[in-house]
Amino acid sequence: MYFYNSLLLISNILTLTVYTKSQDPNSVGISACCFFGGRSNSCGLSDVQVTDTPATCTSICYDGVKVDSKYQISVPCMCKEDNTTLAYLDNILKMKGSRRLFLYYGHDTIQEWAEMLACESSNGGTNSLEEMKSLKTFLDEHQGIGGLILTGLEYDYDSVEFPGYSENLKKYLEVMKKNFPDLIIALDLTGRFLIDQYTYPKIPWLNINVIDSLTNFYVVSLMDLNDCTSEDFINGIAPMNASYTDYTLDKLKDVLKKAAIPKEKTHFKFRIHPASNPSDSLTYCDLVTEKVCLQPQETCIWCVESLASFNEKGNFARDYGAGFICSYIDFNDPDNCCKCEKPYSGFNAILDGFNSITTKPCDLLNRN
């Protein structure tokens, strides 16, 4: 009995330690989940509410809104769906409970960012101040948003060098922090871009050291590290290592050092639902995990990860970062049609890997 009580005490202490770490007030925690919110209304699938997601989703992320050159904030490219999509956001805000909600937010392109930021460091942040007025209105209308993940900050193939980019972005972040001192601010960066920029740099980009004191954390997205081709069917589109691509996690870990992105502020964003060839017409609504198990013939050319490869990604997030984000949790077999040990099998396997636990195999997901 004494031995059992000792084990129980140790277990409770470890659980409390993980819980405390996951509630770090300056981040999303160790295991955040992006939530689509329209699985039933938009996709015609079984309904999933944010309250149905695992308790181990330490924060909820919602993707997202854009701000234009006139500082109007809206859902991008959704046309008649605008009001419905913002209704999804409001529904999540009402039902999220004690979990923080992080909203993806930003200008649509680096060109728009460059136009807005052009002289901010020398003019006192004039444009930033104007944008904050619109942001305040938006946050007042959608109360309960705990943080923003800023998007669109990377150069694209048409970009020219933006002199003073780091200093101007620093002024923008200073203005945002002054206006919203309780808002947690993160930067969204893609693994593919980082590998390109720090392996074959064409022009100087952002100096992380300049803006780091104003950035609570960084999201390094691996959602589209590679296109879904025949090489990726077994290990997914973000392999640990591979002979057929330079875009691997092994390559990324070296790049993160070059970029000076602090490990303790790095969260990796993983895709936990299947991917398909980008030339097809499939949407997020089509690419749900349960279809891999229920319709194996129709999904045999999708890029699907095993639970073992998800374990590896959890190991990677633990070794080279402070946690991870999964997208989208409501498309990751919430009804456990795949008959795995738990629903939301991909998310739980990454969390297991982060905690050095080996997940039991799930036969219907194996592609070996």
# chains A, B, ... in the order shown; residues from 1 in each chain; ligands from 1

$ residues_around --residues "segment 93-101 of chain A" --least-positions-apart "6" --cutoff "10 Å" --atoms "only C-alpha atoms" --output "number ranges by chain"
A: 23, 25, 27-29, 32-34, 49-51, 53, 55, 57-62, 87, 142-148

$ select_by_dssp --residues "segment 212-282 of chain A" --states "strand (DSSP E)" --output "PyMOL selection string"
chain A and resi 217-221+266-271

$ residues_around --residues "Leu287 of chain A" --least-positions-apart "2" --cutoff "6 Å" --atoms "only C-alpha atoms" --output "number ranges by chain"
A: 274, 284-285

$ write_last_selection --atoms "N, CA and C atoms" --output "PDB file, in the first residue's frame"
ATOM      1  N   PRO A 274      -4.494  13.837 -43.406  1.00  0.00           N
ATOM      2  CA  PRO A 274      -3.749  13.470 -44.610  1.00  0.00           C
ATOM      3  C   PRO A 274      -3.513  14.636 -45.564  1.00  0.00           C
ATOM      4  N   TYR A 284      -9.818  20.647 -47.507  1.00  0.00           N
ATOM      5  CA  TYR A 284      -9.678  20.189 -46.132  1.00  0.00           C
ATOM      6  C   TYR A 284     -10.850  19.301 -45.729  1.00  0.00           C
ATOM      7  N   CYS A 285     -12.021  19.610 -46.225  1.00  0.00           N
ATOM      8  CA  CYS A 285     -13.194  18.810 -45.873  1.00  0.00           C
ATOM      9  C   CYS A 285     -13.073  17.378 -46.373  1.00  0.00           C
TER      10      CYS A 285
END

$ atom_distance --atom1 "atom CA of Gly236 of chain A" --atom2 "atom CA of Asp330 of chain A"
18.9 Å

$ residues_around --residues "Gln197 of chain A" --least-positions-apart "5" --cutoff "10 Å" --atoms "only C-alpha atoms" --output "PyMOL selection string"
chain A and resi 154-155+191-192+202-205+255+259

$ select_by_dssp --residues "segment 84-136 of chain A" --states "helix (DSSP H, G or I)" --output "PyMOL selection string"
chain A and resi 84-95+110-117+126-136

$ residues_around --residues "Cys338 of chain A" --least-positions-apart "3" --cutoff "8 Å" --atoms "only C-alpha atoms" --output "number ranges by chain"
A: 290, 293-294, 333, 362, 364-365

$ decode --residues "segment 115-156 of chain A" --atoms "N, CA and C atoms" --output "PDB file, in the first residue's frame"
ATOM      1  N   GLU A 115       4.778  47.652 -47.461  1.00  0.00           N
ATOM      2  CA  GLU A 115       4.125  48.948 -47.678  1.00  0.00           C
ATOM      3  C   GLU A 115       3.690  49.565 -46.349  1.00  0.00           C
ATOM      4  N   MET A 116       3.135  48.748 -45.478  1.00  0.00           N
ATOM      5  CA  MET A 116       2.654  49.255 -44.195  1.00  0.00           C
ATOM      6  C   MET A 116       3.807  49.624 -43.258  1.00  0.00           C
ATOM      7  N   LEU A 117       4.888  48.835 -43.291  1.00  0.00           N
ATOM      8  CA  LEU A 117       5.990  49.022 -42.353  1.00  0.00           C
ATOM      9  C   LEU A 117       7.071  49.987 -42.850  1.00  0.00           C
ATOM     10  N   ALA A 118       6.956  50.453 -44.080  1.00  0.00           N
ATOM     11  CA  ALA A 118       8.056  51.117 -44.791  1.00  0.00           C
ATOM     12  C   ALA A 118       8.880  52.082 -43.941  1.00  0.00           C
ATOM     13  N   CYS A 119       8.251  52.990 -43.215  1.00  0.00           N
ATOM     14  CA  CYS A 119       8.990  54.011 -42.470  1.00  0.00           C
ATOM     15  C   CYS A 119       8.627  54.032 -40.985  1.00  0.00           C
ATOM     16  N   GLU A 120       8.132  52.923 -40.470  1.00  0.00           N
ATOM     17  CA  GLU A 120       7.614  52.915 -39.108  1.00  0.00           C
ATOM     18  C   GLU A 120       8.672  53.263 -38.059  1.00  0.00           C
ATOM     19  N   SER A 121       9.911  52.827 -38.268  1.00  0.00           N
ATOM     20  CA  SER A 121      10.938  53.065 -37.249  1.00  0.00           C
ATOM     21  C   SER A 121      11.346  54.523 -37.166  1.00  0.00           C
ATOM     22  N   SER A 122      11.051  55.302 -38.222  1.00  0.00           N
ATOM     23  CA  SER A 122      11.447  56.713 -38.231  1.00  0.00           C
ATOM     24  C   SER A 122      10.280  57.683 -38.072  1.00  0.00           C
ATOM     25  N   ASN A 123       9.054  57.185 -38.203  1.00  0.00           N
ATOM     26  CA  ASN A 123       7.904  58.104 -38.113  1.00  0.00           C
ATOM     27  C   ASN A 123       7.058  57.876 -36.863  1.00  0.00           C
ATOM     28  N   GLY A 124       7.618  57.131 -35.886  1.00  0.00           N
ATOM     29  CA  GLY A 124       6.890  56.908 -34.642  1.00  0.00           C
ATOM     30  C   GLY A 124       5.807  55.856 -34.716  1.00  0.00           C
ATOM     31  N   GLY A 125       5.826  55.057 -35.782  1.00  0.00           N
ATOM     32  CA  GLY A 125       4.824  53.988 -35.908  1.00  0.00           C
ATOM     33  C   GLY A 125       3.459  54.490 -36.319  1.00  0.00           C
ATOM     34  N   THR A 126       3.422  55.455 -37.226  1.00  0.00           N
ATOM     35  CA  THR A 126       2.153  56.066 -37.638  1.00  0.00           C
ATOM     36  C   THR A 126       1.167  55.038 -38.187  1.00  0.00           C
ATOM     37  N   ASN A 127       1.619  54.218 -39.134  1.00  0.00           N
ATOM     38  CA  ASN A 127       0.722  53.222 -39.718  1.00  0.00           C
ATOM     39  C   ASN A 127       0.305  52.180 -38.688  1.00  0.00           C
ATOM     40  N   SER A 128       1.243  51.795 -37.845  1.00  0.00           N
ATOM     41  CA  SER A 128       0.937  50.799 -36.816  1.00  0.00           C
ATOM     42  C   SER A 128      -0.149  51.296 -35.879  1.00  0.00           C
ATOM     43  N   LEU A 129      -0.072  52.569 -35.508  1.00  0.00           N
ATOM     44  CA  LEU A 129      -1.083  53.148 -34.627  1.00  0.00           C
ATOM     45  C   LEU A 129      -2.465  53.100 -35.260  1.00  0.00           C
ATOM     46  N   GLU A 130      -2.535  53.357 -36.584  1.00  0.00           N
ATOM     47  CA  GLU A 130      -3.813  53.292 -37.287  1.00  0.00           C
ATOM     48  C   GLU A 130      -4.350  51.865 -37.315  1.00  0.00           C
ATOM     49  N   GLU A 131      -3.450  50.925 -37.555  1.00  0.00           N
ATOM     50  CA  GLU A 131      -3.895  49.527 -37.589  1.00  0.00           C
ATOM     51  C   GLU A 131      -4.410  49.074 -36.230  1.00  0.00           C
ATOM     52  N   MET A 132      -3.781  49.552 -35.167  1.00  0.00           N
ATOM     53  CA  MET A 132      -4.201  49.133 -33.831  1.00  0.00           C
ATOM     54  C   MET A 132      -5.617  49.600 -33.499  1.00  0.00           C
ATOM     55  N   LYS A 133      -6.045  50.709 -34.088  1.00  0.00           N
ATOM     56  CA  LYS A 133      -7.419  51.166 -33.871  1.00  0.00           C
ATOM     57  C   LYS A 133      -8.413  50.134 -34.400  1.00  0.00           C
ATOM     58  N   SER A 134      -8.144  49.632 -35.622  1.00  0.00           N
ATOM     59  CA  SER A 134      -9.023  48.606 -36.198  1.00  0.00           C
ATOM     60  C   SER A 134      -8.939  47.307 -35.413  1.00  0.00           C
ATOM     61  N   LEU A 135      -7.730  46.968 -34.978  1.00  0.00           N
ATOM     62  CA  LEU A 135      -7.559  45.739 -34.215  1.00  0.00           C
ATOM     63  C   LEU A 135      -8.308  45.814 -32.887  1.00  0.00           C
ATOM     64  N   LYS A 136      -8.298  46.974 -32.250  1.00  0.00           N
ATOM     65  CA  LYS A 136      -9.038  47.131 -30.991  1.00  0.00           C
ATOM     66  C   LYS A 136     -10.532  46.903 -31.204  1.00  0.00           C
ATOM     67  N   THR A 137     -11.061  47.474 -32.295  1.00  0.00           N
ATOM     68  CA  THR A 137     -12.478  47.269 -32.595  1.00  0.00           C
ATOM     69  C   THR A 137     -12.778  45.797 -32.786  1.00  0.00           C
ATOM     70  N   PHE A 138     -11.899  45.114 -33.533  1.00  0.00           N
ATOM     71  CA  PHE A 138     -12.098  43.688 -33.800  1.00  0.00           C
ATOM     72  C   PHE A 138     -12.045  42.879 -32.506  1.00  0.00           C
ATOM     73  N   LEU A 139     -11.059  43.152 -31.672  1.00  0.00           N
ATOM     74  CA  LEU A 139     -10.923  42.402 -30.420  1.00  0.00           C
ATOM     75  C   LEU A 139     -12.081  42.681 -29.469  1.00  0.00           C
ATOM     76  N   ASP A 140     -12.607  43.907 -29.504  1.00  0.00           N
ATOM     77  CA  ASP A 140     -13.781  44.226 -28.681  1.00  0.00           C
ATOM     78  C   ASP A 140     -15.012  43.458 -29.159  1.00  0.00           C
ATOM     79  N   GLU A 141     -15.104  43.253 -30.478  1.00  0.00           N
ATOM     80  CA  GLU A 141     -16.255  42.551 -31.046  1.00  0.00           C
ATOM     81  C   GLU A 141     -16.149  41.037 -30.862  1.00  0.00           C
ATOM     82  N   HIS A 142     -14.932  40.546 -30.682  1.00  0.00           N
ATOM     83  CA  HIS A 142     -14.702  39.102 -30.541  1.00  0.00           C
ATOM     84  C   HIS A 142     -13.849  38.892 -29.289  1.00  0.00           C
ATOM     85  N   GLN A 143     -14.466  39.052 -28.155  1.00  0.00           N
ATOM     86  CA  GLN A 143     -13.727  39.052 -26.902  1.00  0.00           C
ATOM     87  C   GLN A 143     -13.301  37.648 -26.481  1.00  0.00           C
ATOM     88  N   GLY A 144     -12.117  37.590 -25.892  1.00  0.00           N
ATOM     89  CA  GLY A 144     -11.588  36.323 -25.415  1.00  0.00           C
ATOM     90  C   GLY A 144     -10.377  35.834 -26.171  1.00  0.00           C
ATOM     91  N   ILE A 145      -9.893  36.615 -27.152  1.00  0.00           N
ATOM     92  CA  ILE A 145      -8.694  36.237 -27.898  1.00  0.00           C
ATOM     93  C   ILE A 145      -7.474  36.548 -27.036  1.00  0.00           C
ATOM     94  N   GLY A 146      -6.674  35.525 -26.747  1.00  0.00           N
ATOM     95  CA  GLY A 146      -5.543  35.691 -25.842  1.00  0.00           C
ATOM     96  C   GLY A 146      -4.242  36.047 -26.516  1.00  0.00           C
ATOM     97  N   GLY A 147      -4.145  35.777 -27.824  1.00  0.00           N
ATOM     98  CA  GLY A 147      -2.893  36.053 -28.512  1.00  0.00           C
ATOM     99  C   GLY A 147      -3.058  36.057 -30.012  1.00  0.00           C
ATOM    100  N   LEU A 148      -2.075  36.649 -30.703  1.00  0.00           N
ATOM    101  CA  LEU A 148      -2.061  36.692 -32.158  1.00  0.00           C
ATOM    102  C   LEU A 148      -0.804  35.995 -32.667  1.00  0.00           C
ATOM    103  N   ILE A 149      -0.967  35.233 -33.748  1.00  0.00           N
ATOM    104  CA  ILE A 149       0.156  34.631 -34.447  1.00  0.00           C
ATOM    105  C   ILE A 149       0.257  35.338 -35.787  1.00  0.00           C
ATOM    106  N   LEU A 150       1.293  36.154 -35.955  1.00  0.00           N
ATOM    107  CA  LEU A 150       1.410  37.024 -37.126  1.00  0.00           C
ATOM    108  C   LEU A 150       1.897  36.245 -38.338  1.00  0.00           C
ATOM    109  N   THR A 151       1.209  36.425 -39.461  1.00  0.00           N
ATOM    110  CA  THR A 151       1.489  35.665 -40.679  1.00  0.00           C
ATOM    111  C   THR A 151       1.926  36.582 -41.824  1.00  0.00           C
ATOM    112  N   GLY A 152       2.454  35.966 -42.882  1.00  0.00           N
ATOM    113  CA  GLY A 152       2.790  36.694 -44.107  1.00  0.00           C
ATOM    114  C   GLY A 152       4.089  37.455 -44.060  1.00  0.00           C
ATOM    115  N   LEU A 153       4.972  37.144 -43.114  1.00  0.00           N
ATOM    116  CA  LEU A 153       6.180  37.936 -42.887  1.00  0.00           C
ATOM    117  C   LEU A 153       7.389  37.475 -43.694  1.00  0.00           C
ATOM    118  N   GLU A 154       7.250  36.417 -44.460  1.00  0.00           N
ATOM    119  CA  GLU A 154       8.387  35.857 -45.184  1.00  0.00           C
ATOM    120  C   GLU A 154       8.453  36.375 -46.617  1.00  0.00           C
ATOM    121  N   TYR A 155       9.662  36.475 -47.137  1.00  0.00           N
ATOM    122  CA  TYR A 155       9.849  36.835 -48.539  1.00  0.00           C
ATOM    123  C   TYR A 155       9.258  35.750 -49.437  1.00  0.00           C
ATOM    124  N   ASP A 156       8.791  36.159 -50.622  1.00  0.00           N
ATOM    125  CA  ASP A 156       8.402  35.182 -51.632  1.00  0.00           C
ATOM    126  C   ASP A 156       9.341  35.314 -52.827  1.00  0.00           C
TER     127      ASP A 156
END
